[in-house]
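Q: Got a structure for you, input04.cif, holding mmCIF, C-alpha atoms and all ligand atoms.
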data_work
loop_
_atom_site.group_PDB
_atom_site.id
_atom_site.type_symbol
_atom_site.label_atom_id
_atom_site.label_comp_id
_atom_site.auth_asym_id
_atom_site.auth_seq_id
_atom_site.Cartn_x
_atom_site.Cartn_y
_atom_site.Cartn_z
ATOM 1 C CA MET A 1 -0.819 -13.345 -13.985
ATOM 2 C CA GLN A 2 -0.808 -10.605 -16.584
ATOM 3 C CA LEU A 3 2.628 -9.023 -16.882
ATOM 4 C CA THR A 4 3.396 -5.442 -17.785
ATOM 5 C CA ALA A 5 6.884 -4.002 -17.852
ATOM 6 C CA LEU A 6 8.052 -2.344 -14.655
ATOM 7 C CA PRO A 7 8.554 1.410 -15.062
ATOM 8 C CA THR A 8 12.159 1.992 -16.155
ATOM 9 C CA SER A 9 12.605 4.561 -13.357
ATOM 10 C CA TRP A 10 12.302 1.870 -10.662
ATOM 11 C CA ASN A 11 15.688 0.914 -9.271
ATOM 12 C CA ILE A 12 15.102 -2.794 -8.782
ATOM 13 C CA ASP A 13 18.522 -3.508 -7.283
ATOM 14 C CA GLN A 14 17.933 -0.815 -4.666
ATOM 15 C CA ILE A 15 14.442 -2.143 -3.881
ATOM 16 C CA LEU A 16 15.785 -5.672 -3.396
ATOM 17 C CA ASP A 17 18.696 -4.470 -1.306
ATOM 18 C CA ASP A 18 16.494 -2.314 0.959
ATOM 19 C CA LEU A 19 13.911 -5.070 1.399
ATOM 20 C CA ASN A 20 16.681 -7.491 2.258
ATOM 21 C CA LYS A 21 18.508 -5.252 4.721
ATOM 22 C CA LEU A 22 15.657 -3.196 6.217
ATOM 23 C CA GLY A 23 12.426 -4.964 5.326
ATOM 24 C CA PHE A 24 11.084 -1.941 3.485
ATOM 25 C CA ALA A 25 11.823 0.130 0.368
ATOM 26 C CA LEU A 26 10.553 3.365 -1.159
ATOM 27 C CA VAL A 27 10.087 4.212 -4.822
ATOM 28 C CA ASP A 28 9.675 7.938 -5.474
ATOM 29 C CA ASN A 29 8.205 9.378 -8.673
ATOM 30 C CA ALA A 30 6.898 5.891 -9.315
ATOM 31 C CA TYR A 31 4.726 6.742 -12.326
ATOM 32 C CA PRO A 32 4.419 9.311 -15.122
ATOM 33 C CA LEU A 33 2.320 12.232 -13.843
ATOM 34 C CA GLU A 34 -0.290 11.660 -16.514
ATOM 35 C CA TYR A 35 -1.012 8.236 -15.046
ATOM 36 C CA VAL A 36 -1.197 9.688 -11.513
ATOM 37 C CA HIS A 37 -3.744 12.268 -12.729
ATOM 38 C CA ASP A 38 -5.856 9.509 -14.279
ATOM 39 C CA LEU A 39 -5.670 7.556 -11.036
ATOM 40 C CA VAL A 40 -6.678 10.567 -8.933
ATOM 41 C CA ARG A 41 -9.603 11.138 -11.294
ATOM 42 C CA GLU A 42 -10.736 7.508 -11.076
ATOM 43 C CA CYS A 43 -10.433 7.546 -7.288
ATOM 44 C CA GLY A 44 -12.379 10.822 -7.065
ATOM 45 C CA LEU A 45 -15.203 9.522 -9.249
ATOM 46 C CA HIS A 46 -15.760 6.618 -6.838
ATOM 47 C CA LEU A 47 -15.270 8.304 -3.441
ATOM 48 C CA GLU A 48 -18.971 7.956 -2.590
ATOM 49 C CA GLU A 49 -18.642 4.172 -2.807
ATOM 50 C CA PHE A 50 -15.901 3.963 -0.152
ATOM 51 C CA ARG A 51 -16.910 2.114 3.031
ATOM 52 C CA ALA A 52 -15.608 2.390 6.608
ATOM 53 C CA ALA A 53 -12.675 -0.024 6.790
ATOM 54 C CA GLY A 54 -13.183 -0.549 10.526
ATOM 55 C CA ILE A 55 -16.611 -2.127 10.027
ATOM 56 C CA GLN A 56 -16.683 -5.715 8.807
ATOM 57 C CA ASN A 57 -19.854 -7.796 8.848
ATOM 58 C CA GLY A 58 -21.395 -5.196 11.143
ATOM 59 C CA VAL A 59 -18.557 -5.505 13.673
ATOM 60 C CA VAL A 60 -16.897 -2.202 14.513
ATOM 61 C CA SER A 61 -13.141 -2.022 15.122
ATOM 62 C CA HIS A 62 -11.599 1.135 16.525
ATOM 63 C CA ILE A 63 -8.097 0.415 15.275
ATOM 64 C CA ARG A 64 -8.717 2.330 12.027
ATOM 65 C CA SER A 65 -11.036 5.074 10.836
ATOM 66 C CA ASP A 66 -10.247 5.251 7.099
ATOM 67 C CA HIS A 67 -12.610 4.363 4.240
ATOM 68 C CA ILE A 68 -11.778 1.886 1.490
ATOM 69 C CA LEU A 69 -12.896 0.618 -1.909
ATOM 70 C CA TRP A 70 -11.686 -2.773 -3.146
ATOM 71 C CA ILE A 71 -10.248 -2.662 -6.657
ATOM 72 C CA ASP A 72 -11.714 -4.864 -9.370
ATOM 73 C CA ASP A 73 -11.918 -4.618 -13.165
ATOM 74 C CA GLN A 74 -14.511 -1.829 -12.850
ATOM 75 C CA LEU A 75 -11.529 0.384 -11.931
ATOM 76 C CA PRO A 76 -9.306 0.002 -15.017
ATOM 77 C CA VAL A 77 -6.795 2.733 -14.149
ATOM 78 C CA ALA A 78 -6.079 1.268 -10.692
ATOM 79 C CA GLN A 79 -5.948 -2.153 -12.325
ATOM 80 C CA ARG A 80 -2.857 -1.034 -14.243
ATOM 81 C CA HIS A 81 -1.093 -0.419 -10.927
ATOM 82 C CA ILE A 82 -2.037 -3.954 -9.871
ATOM 83 C CA ASN A 83 -0.594 -5.294 -13.135
ATOM 84 C CA THR A 84 2.655 -3.478 -12.400
ATOM 85 C CA LEU A 85 2.698 -5.015 -8.909
ATOM 86 C CA GLN A 86 2.214 -8.450 -10.466
ATOM 87 C CA SER A 87 5.381 -7.876 -12.456
ATOM 88 C CA LEU A 88 7.135 -6.717 -9.294
ATOM 89 C CA SER A 89 5.959 -9.941 -7.631
ATOM 90 C CA GLN A 90 7.818 -11.977 -10.261
ATOM 91 C CA VAL A 91 11.017 -10.115 -9.496
ATOM 92 C CA LEU A 92 10.549 -10.586 -5.738
ATOM 93 C CA ASN A 93 9.782 -14.274 -6.215
ATOM 94 C CA GLN A 94 13.023 -14.744 -8.121
ATOM 95 C CA ALA A 95 15.056 -12.866 -5.521
ATOM 96 C CA PHE A 96 13.467 -14.109 -2.291
ATOM 97 C CA PHE A 97 11.490 -17.259 -3.233
ATOM 98 C CA LEU A 98 8.296 -15.767 -1.809
ATOM 99 C CA GLY A 99 5.903 -17.741 -4.001
ATOM 100 C CA ILE A 100 3.637 -14.740 -4.591
ATOM 101 C CA LYS A 101 0.700 -15.640 -6.819
ATOM 102 C CA GLU A 102 -1.823 -12.845 -6.460
ATOM 103 C CA VAL A 103 -2.245 -9.164 -5.752
ATOM 104 C CA GLU A 104 -5.192 -7.817 -3.797
ATOM 105 C CA ALA A 105 -5.758 -4.082 -3.408
ATOM 106 C CA HIS A 106 -8.041 -1.320 -2.214
ATOM 107 C CA PHE A 107 -8.154 2.439 -2.429
ATOM 108 C CA ALA A 108 -8.029 4.079 0.994
ATOM 109 C CA CYS A 109 -9.187 7.537 1.993
ATOM 110 C CA TYR A 110 -8.232 9.049 5.350
ATOM 111 C CA ASN A 111 -10.223 12.202 5.980
ATOM 112 C CA ALA A 112 -8.960 14.815 8.448
ATOM 113 C CA GLY A 113 -8.758 13.215 11.911
ATOM 114 C CA GLU A 114 -8.479 9.633 10.644
ATOM 115 C CA PHE A 115 -5.690 7.121 11.376
ATOM 116 C CA TYR A 116 -4.768 3.428 11.470
ATOM 117 C CA ALA A 117 -3.280 2.334 14.813
ATOM 118 C CA LEU A 118 -0.240 0.078 15.227
ATOM 119 C CA HIS A 119 -0.692 -3.283 13.499
ATOM 120 C CA ARG A 120 0.877 -5.912 11.264
ATOM 121 C CA ASP A 121 -0.790 -6.880 7.976
ATOM 122 C CA ASN A 122 0.196 -10.495 8.543
ATOM 123 C CA PRO A 123 0.579 -11.132 12.284
ATOM 124 C CA GLN A 124 2.424 -14.400 13.027
ATOM 125 C CA GLN A 125 2.113 -15.420 9.370
ATOM 126 C CA LYS A 126 -1.577 -16.087 9.933
ATOM 127 C CA ASN A 127 -2.572 -15.125 6.410
ATOM 128 C CA ASP A 128 -0.862 -15.316 3.032
ATOM 129 C CA ARG A 129 0.192 -11.681 2.695
ATOM 130 C CA MET A 130 3.920 -11.636 1.992
ATOM 131 C CA ILE A 131 4.556 -8.044 0.924
ATOM 132 C CA SER A 132 2.491 -4.910 1.559
ATOM 133 C CA THR A 133 2.610 -1.885 -0.714
ATOM 134 C CA VAL A 134 1.094 1.568 -0.400
ATOM 135 C CA PHE A 135 0.963 4.074 -3.242
ATOM 136 C CA TYR A 136 0.135 7.700 -2.351
ATOM 137 C CA LEU A 137 -1.999 9.408 -4.937
ATOM 138 C CA HIS A 138 -3.187 12.717 -3.519
ATOM 139 C CA GLU A 139 -1.648 15.417 -5.729
ATOM 140 C CA HIS A 140 -0.139 17.600 -3.006
ATOM 141 C CA TRP A 141 1.140 16.933 0.529
ATOM 142 C CA GLN A 142 2.658 19.129 3.250
ATOM 143 C CA GLN A 143 4.982 17.761 5.911
ATOM 144 C CA ASP A 144 2.833 19.187 8.724
ATOM 145 C CA TRP A 145 -0.359 17.455 7.616
ATOM 146 C CA GLY A 146 0.430 14.278 9.588
ATOM 147 C CA GLY A 147 -0.685 11.014 7.994
ATOM 148 C CA GLN A 148 2.840 9.577 7.999
ATOM 149 C CA LEU A 149 3.463 5.875 7.677
ATOM 150 C CA HIS A 150 5.412 5.015 10.827
ATOM 151 C CA LEU A 151 7.127 1.650 10.633
ATOM 152 C CA GLN A 152 9.673 -0.481 12.405
ATOM 153 C CA ASP A 153 12.351 -1.966 10.169
ATOM 154 C CA LYS A 154 13.771 -5.484 10.418
ATOM 155 C CA ASN A 155 16.452 -4.248 12.822
ATOM 156 C CA GLY A 156 13.996 -2.650 15.223
ATOM 157 C CA LYS A 157 14.588 0.942 14.095
ATOM 158 C CA TRP A 158 11.536 3.198 13.559
ATOM 159 C CA HIS A 159 11.047 5.284 10.399
ATOM 160 C CA THR A 160 8.592 8.086 9.672
ATOM 161 C CA ILE A 161 7.632 8.059 6.023
ATOM 162 C CA GLN A 162 5.826 11.006 4.490
ATOM 163 C CA PRO A 163 2.891 10.052 2.232
ATOM 164 C CA GLN A 164 4.541 11.951 -0.574
ATOM 165 C CA PRO A 165 2.512 12.022 -3.817
ATOM 166 C CA ASN A 166 3.590 9.422 -6.376
ATOM 167 C CA ARG A 167 5.584 7.478 -3.755
ATOM 168 C CA LEU A 168 5.311 3.711 -3.430
ATOM 169 C CA ALA A 169 6.178 2.158 -0.068
ATOM 170 C CA ILE A 170 6.961 -1.576 -0.113
ATOM 171 C CA PHE A 171 7.384 -3.576 3.110
ATOM 172 C CA LEU A 172 7.275 -7.062 4.564
ATOM 173 C CA SER A 173 3.695 -7.716 5.661
ATOM 174 C CA ASP A 174 4.673 -8.908 9.135
ATOM 175 C CA ILE A 175 6.406 -5.714 10.247
ATOM 176 C CA LEU A 176 4.820 -3.372 12.759
ATOM 177 C CA HIS A 177 3.430 -0.115 11.349
ATOM 178 C CA GLU A 178 0.751 2.553 11.717
ATOM 179 C CA VAL A 179 -0.737 5.541 9.917
ATOM 180 C CA LEU A 180 -0.468 8.645 12.095
ATOM 181 C CA LEU A 181 -3.498 10.892 12.336
ATOM 182 C CA SER A 182 -3.997 12.770 9.105
ATOM 183 C CA LYS A 183 -5.018 16.431 9.103
ATOM 184 C CA GLN A 184 -6.043 16.460 5.458
ATOM 185 C CA GLN A 185 -7.671 14.071 3.045
ATOM 186 C CA ARG A 186 -5.049 11.398 2.309
ATOM 187 C CA LEU A 187 -5.558 9.072 -0.662
ATOM 188 C CA SER A 188 -3.713 5.833 -1.330
ATOM 189 C CA ILE A 189 -3.849 2.342 -2.751
ATOM 190 C CA THR A 190 -2.846 -0.434 -0.381
ATOM 191 C CA ALA A 191 -1.975 -3.678 -2.167
ATOM 192 C CA TRP A 192 -0.824 -7.014 -0.788
ATOM 193 C CA LEU A 193 1.271 -9.505 -2.718
ATOM 194 C CA ARG A 194 -0.072 -12.882 -1.600
ATOM 195 C CA SER A 195 1.146 -16.440 -1.814
ATOM 196 C CA GLY A 196 -2.369 -17.897 -1.985
ATOM 197 C CA ASN A 197 -1.236 -20.569 0.466
ATOM 198 C CA SER A 198 -2.906 -19.702 3.716
ATOM 199 C CA ILE A 199 -5.687 -21.746 5.244
ATOM 200 C CA TRP A 200 -6.835 -18.533 6.922
ATOM 201 C CA ASN A 201 -7.078 -16.448 3.764
ATOM 202 C CA ASN A 202 -8.376 -13.279 5.415
HETATM 203 C C1 LIG A 301 -2.713 -0.612 5.556
HETATM 204 C C2 LIG A 301 -1.652 0.333 5.965
HETATM 205 C C3 LIG A 301 -0.296 2.275 5.462
HETATM 206 C C4 LIG A 301 -0.406 3.598 4.753
HETATM 207 O O1 LIG A 301 -3.538 -0.241 4.700
HETATM 208 O O2 LIG A 301 -2.738 -1.742 6.083
HETATM 209 O O3 LIG A 301 -0.981 0.049 6.923
HETATM 210 O O4 LIG A 301 0.585 4.346 4.766
HETATM 211 N N1 LIG A 301 -1.438 1.455 5.245
HETATM 212 O O5 LIG A 301 -1.465 3.892 4.210
HETATM 213 MN MN MN A 302 -1.072 -2.062 7.310
#
Mind converting the file's structure to structure tokens?
A:
Amino acid sequence: MQLTALPTSWNIDQILDDLNKLGFALVDNAYPLEYVHDLVRECGLHLEEFRAAGIQNGVVSHIRSDHILWIDDQLPVAQRHINTLQSLSQVLNQAFFLGIKEVEAHFACYNAGEFYALHRDNPQQKNDRMISTVFYLHEHWQQDWGGQLHLQDKNGKWHTIQPQPNRLAIFLSDILHEVLLSKQQRLSITAWLRSGNSIWNN
């Protein structure tokens, strides 16, 4: 894994404490605005390449209607976010012994009217996703535009999280969550921190 320093603004103790007690954590103003602008630009340049996330191998699923683009080294700006998440993985491994080895990520675009119904990213530990992260990269967001991340914490309590620009949401991959219907174009990067151990590997 390539390691870059975590942004100094990230309160690691708070992240660890929230993950431990609630199963999720938020980092606001995660990156310098210049980086966010570069990311928005890179995302915008590739929007035509996004594919319907609900269609895999020709099979249509109605659980989600967003469009995604997997991130590889052709997307160098997004790759820097992945590098940062690799460094975060090291910290999480030390704190929680998660054995994270890799980070896999895609851009996601929810156009007006799109959503992702209730699901877990790693139901019954069937795959090797340990931690899920979502970074919101649209440049402006209004509370009444919908598109909230609605999730159930470790203690069973539900939270409604606004997809606030430059916010990173971090949560255990087996918790229940959904993306409420968005009324505007909503851009994000979903990334999973994976142990590389699963026989399922989906
Ligand atoms: C996902 C997901 C939440 C969000 O991509 O699996 O649940 O807020 N995303 O975009
Ligand atoms: Mn999810």
Q: What's around segment 168-175 of chain A at 8 Å? Count all atoms listed in the file, leave out sequence neighbours fewer than 4 positions away in its own chain, and write the answer as number ranges by chain.
A: A: 19, 23-28, 30, 120-125, 129-136, 151-154, 192
Q: For Ala52 of chain A, which of A:Tyr31, A:Phe97, A:Trp158, A:Tyr116 is the closest residue, counting all atoms listed in the file?
A: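 Distance minimum relative to Ala52 of chain A lands on A:Tyr116.
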Q: Which residues, named as in the file, does the PyMOL selection byres (((chain A and resi 162) around 8) and not hetatm) pick out? Answer as a list in words.
A: Gln143, Gly147, Gln148, Leu149, Thr160, Ile161, Pro163 and Gln164 of chain A
Q: Output C-alpha atoms of each residue in that selection to a file, as a PDB file, in the coordinates of the input.
A:
ATOM      1  CA  GLN A 143       4.982  17.761   5.911  1.00  0.00           C
ATOM      2  CA  GLY A 147      -0.685  11.014   7.994  1.00  0.00           C
ATOM      3  CA  GLN A 148       2.840   9.577   7.999  1.00  0.00           C
ATOM      4  CA  LEU A 149       3.463   5.875   7.677  1.00  0.00           C
ATOM      5  CA  THR A 160       8.592   8.086   9.672  1.00  0.00           C
ATOM      6  CA  ILE A 161       7.632   8.059   6.023  1.00  0.00           C
ATOM      7  CA  PRO A 163       2.891  10.052   2.232  1.00  0.00           C
ATOM      8  CA  GLN A 164       4.541  11.951  -0.574  1.00  0.00           C
TER       9      GLN A 164
END
Q: For a quick check of understanding, using all atoms listed in the file, which of A:Ile100, A:Ala108, A:Ile55, A:Ile71 has the smallest distance to ligand LIG 301 (chain A)?
A: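 Closest candidate: A:Ala108.
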Q: Find, counting all atoms listed in the file, the residue in A:Asn155, A:Gln185, A:Asn166, A:Asn93 that gets nearest to Leu137 of chain A.
A: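 Once distances to Leu137 of chain A are computed over all atoms listed in the file, the minimum belongs to A:Asn166.
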Q: Excluding Ala53 of chain A and its own-chain neighbours fewer than 5 positions away, which residues fall within 12 Å of it when counting all atoms listed in the file? Please give them as number ranges by chain.
A: A: 58-70, 106-110, 114-116
Q: Suppose you want the space between atom CA of Asn83 of chain A and atom CA of Pro7 of chain A; what is it in Å?
A: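 Value for the atom CA of Asn83 of chain A-atom CA of Pro7 of chain A distance: 11.5 Å.
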Q: Around the point (-4.0, -2.0, -8.3), in the coordinates given by the file, pick out the residues reaching within 10 Å, counting all atoms listed in the file, and return them as a list in words.
A: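 Selection result: Trp70, Ile71, Asp72, Asp73, Leu75, Pro76, Val77, Ala78, Gln79, Arg80, His81, Ile82, Asn83, Thr84, Leu85, Gln86, Val103, Glu104, Ala105, His106, Phe107, Phe135, Ile189, Thr190, Ala191 and Trp192 of chain A.
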Q: Could you give me the centre and size, in Å to one decimal, of an axis-aligned box around all listed atoms of segment 187-195 of chain A with 5 Å added on every side, as JSON?
A:
{"center_x": -2.1, "center_y": -3.7, "center_z": -1.6, "size_x": 16.8, "size_y": 35.5, "size_z": 12.4}
Q: Nearest to Leu92 of chain A: which of A:Thr4, A:Asn111, A:Asn197, A:Asn20 is it, counting all atoms listed in the file?
A: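 With all atoms listed in the file as the atom set, the closest residue is A:Asn20.
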Q: For atom CA of Ser188 of chain A and atom O5 of ligand LIG 301 (chain A), determine how far apart the two atoms are, in Å to one decimal place.
A: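 Answer for the atom CA of Ser188 of chain A to atom O5 of ligand LIG 301 (chain A) separation: 6.3 Å.
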Q: What is the atom CA of His138 of chain A-atom CA of Glu42 of chain A distance in Å, reported with one decimal?
A: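 Value for the atom CA of His138 of chain A-atom CA of Glu42 of chain A distance: 11.9 Å.
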Q: Between A:Leu22, A:Ala95, A:Ala117, A:Leu45, single out the one closest to Gly156 of chain A, counting only C-alpha atoms.
A: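 Comparing A:Leu22, A:Ala95, A:Ala117, A:Leu45 against Gly156 of chain A, the winner is A:Leu22.
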Q: Which one is closest to Leu118 of chain A: A:His140, A:His159, A:Val179, A:Lys21? Count all atoms listed in the file.
A: A:Val179
Q: I want to know what sits within 8 Å of Glu102 of chain A, based on only C-alpha atoms, with residues of the same chain fewer than 6 positions away left out; could you give that as a PyMOL selection string?
A: chain A and resi 1+86+193-196
Q: How about saving the chosen residues, C-alpha atoms kept, as a tab-separated table (two decimals), keeping the file's coordinate frame?
A:
chain	number	residue	atom	x	y	z
A	1	MET	CA	-0.82	-13.34	-13.98
A	86	GLN	CA	2.21	-8.45	-10.47
A	193	LEU	CA	1.27	-9.51	-2.72
A	194	ARG	CA	-0.07	-12.88	-1.60
A	195	SER	CA	1.15	-16.44	-1.81
A	196	GLY	CA	-2.37	-17.90	-1.98
Q: Would you mind writing segment 1-22 of chain A with N, CA, C and O atoms, as a tab-separated table (two decimals), in the frame of the given file?
A:
chain	number	residue	atom	x	y	z
A	1	MET	N	-1.04	-14.77	-14.23
A	1	MET	CA	-0.82	-13.34	-13.98
A	1	MET	C	-0.50	-12.60	-15.29
A	1	MET	O	0.28	-13.08	-16.08
A	2	GLN	N	-1.11	-11.43	-15.42
A	2	GLN	CA	-0.81	-10.60	-16.58
A	2	GLN	C	0.43	-9.76	-16.27
A	2	GLN	O	0.53	-9.15	-15.21
A	3	LEU	N	1.39	-9.75	-17.18
A	3	LEU	CA	2.63	-9.02	-16.88
A	3	LEU	C	2.79	-7.78	-17.75
A	3	LEU	O	2.64	-7.83	-18.95
A	4	THR	N	3.04	-6.66	-17.08
A	4	THR	CA	3.40	-5.44	-17.78
A	4	THR	C	4.82	-5.10	-17.36
A	4	THR	O	5.25	-5.49	-16.29
A	5	ALA	N	5.50	-4.36	-18.20
A	5	ALA	CA	6.88	-4.00	-17.85
A	5	ALA	C	6.90	-3.09	-16.63
A	5	ALA	O	6.01	-2.27	-16.44
A	6	LEU	N	7.89	-3.26	-15.78
A	6	LEU	CA	8.05	-2.34	-14.66
A	6	LEU	C	8.52	-1.00	-15.19
A	6	LEU	O	9.28	-0.95	-16.16
A	7	PRO	N	8.07	0.11	-14.60
A	7	PRO	CA	8.55	1.41	-15.06
A	7	PRO	C	10.09	1.43	-15.03
A	7	PRO	O	10.70	0.93	-14.09
A	8	THR	N	10.68	2.01	-16.06
A	8	THR	CA	12.16	1.99	-16.16
A	8	THR	C	12.81	2.80	-15.03
A	8	THR	O	13.96	2.58	-14.69
A	9	SER	N	12.03	3.73	-14.43
A	9	SER	CA	12.60	4.56	-13.36
A	9	SER	C	12.80	3.78	-12.05
A	9	SER	O	13.50	4.24	-11.16
A	10	TRP	N	12.19	2.61	-11.92
A	10	TRP	CA	12.30	1.87	-10.66
A	10	TRP	C	13.68	1.23	-10.57
A	10	TRP	O	14.10	0.50	-11.47
A	11	ASN	N	14.36	1.50	-9.47
A	11	ASN	CA	15.69	0.91	-9.27
A	11	ASN	C	15.54	-0.43	-8.54
A	11	ASN	O	15.52	-0.50	-7.31
A	12	ILE	N	15.41	-1.47	-9.34
A	12	ILE	CA	15.10	-2.79	-8.78
A	12	ILE	C	16.19	-3.28	-7.82
A	12	ILE	O	15.87	-3.83	-6.75
A	13	ASP	N	17.43	-3.05	-8.17
A	13	ASP	CA	18.52	-3.51	-7.28
A	13	ASP	C	18.41	-2.85	-5.91
A	13	ASP	O	18.60	-3.50	-4.88
A	14	GLN	N	18.09	-1.54	-5.93
A	14	GLN	CA	17.93	-0.82	-4.67
A	14	GLN	C	16.75	-1.35	-3.86
A	14	GLN	O	16.83	-1.53	-2.64
A	15	ILE	N	15.64	-1.61	-4.55
A	15	ILE	CA	14.44	-2.14	-3.88
A	15	ILE	C	14.78	-3.47	-3.21
A	15	ILE	O	14.47	-3.70	-2.03
A	16	LEU	N	15.45	-4.35	-3.95
A	16	LEU	CA	15.78	-5.67	-3.40
A	16	LEU	C	16.74	-5.55	-2.22
A	16	LEU	O	16.58	-6.21	-1.19
A	17	ASP	N	17.71	-4.67	-2.37
A	17	ASP	CA	18.70	-4.47	-1.31
A	17	ASP	C	18.03	-3.91	-0.03
A	17	ASP	O	18.28	-4.39	1.08
A	18	ASP	N	17.17	-2.91	-0.20
A	18	ASP	CA	16.49	-2.31	0.96
A	18	ASP	C	15.55	-3.32	1.63
A	18	ASP	O	15.48	-3.39	2.85
A	19	LEU	N	14.81	-4.07	0.81
A	19	LEU	CA	13.91	-5.07	1.40
A	19	LEU	C	14.71	-6.11	2.19
A	19	LEU	O	14.32	-6.52	3.27
A	20	ASN	N	15.84	-6.48	1.62
A	20	ASN	CA	16.68	-7.49	2.26
A	20	ASN	C	17.27	-6.99	3.57
A	20	ASN	O	17.21	-7.67	4.59
A	21	LYS	N	17.79	-5.76	3.54
A	21	LYS	CA	18.51	-5.25	4.72
A	21	LYS	C	17.58	-4.64	5.76
A	21	LYS	O	17.81	-4.73	6.96
A	22	LEU	N	16.52	-3.95	5.30
A	22	LEU	CA	15.66	-3.20	6.22
A	22	LEU	C	14.24	-3.76	6.34
A	22	LEU	O	13.54	-3.48	7.31
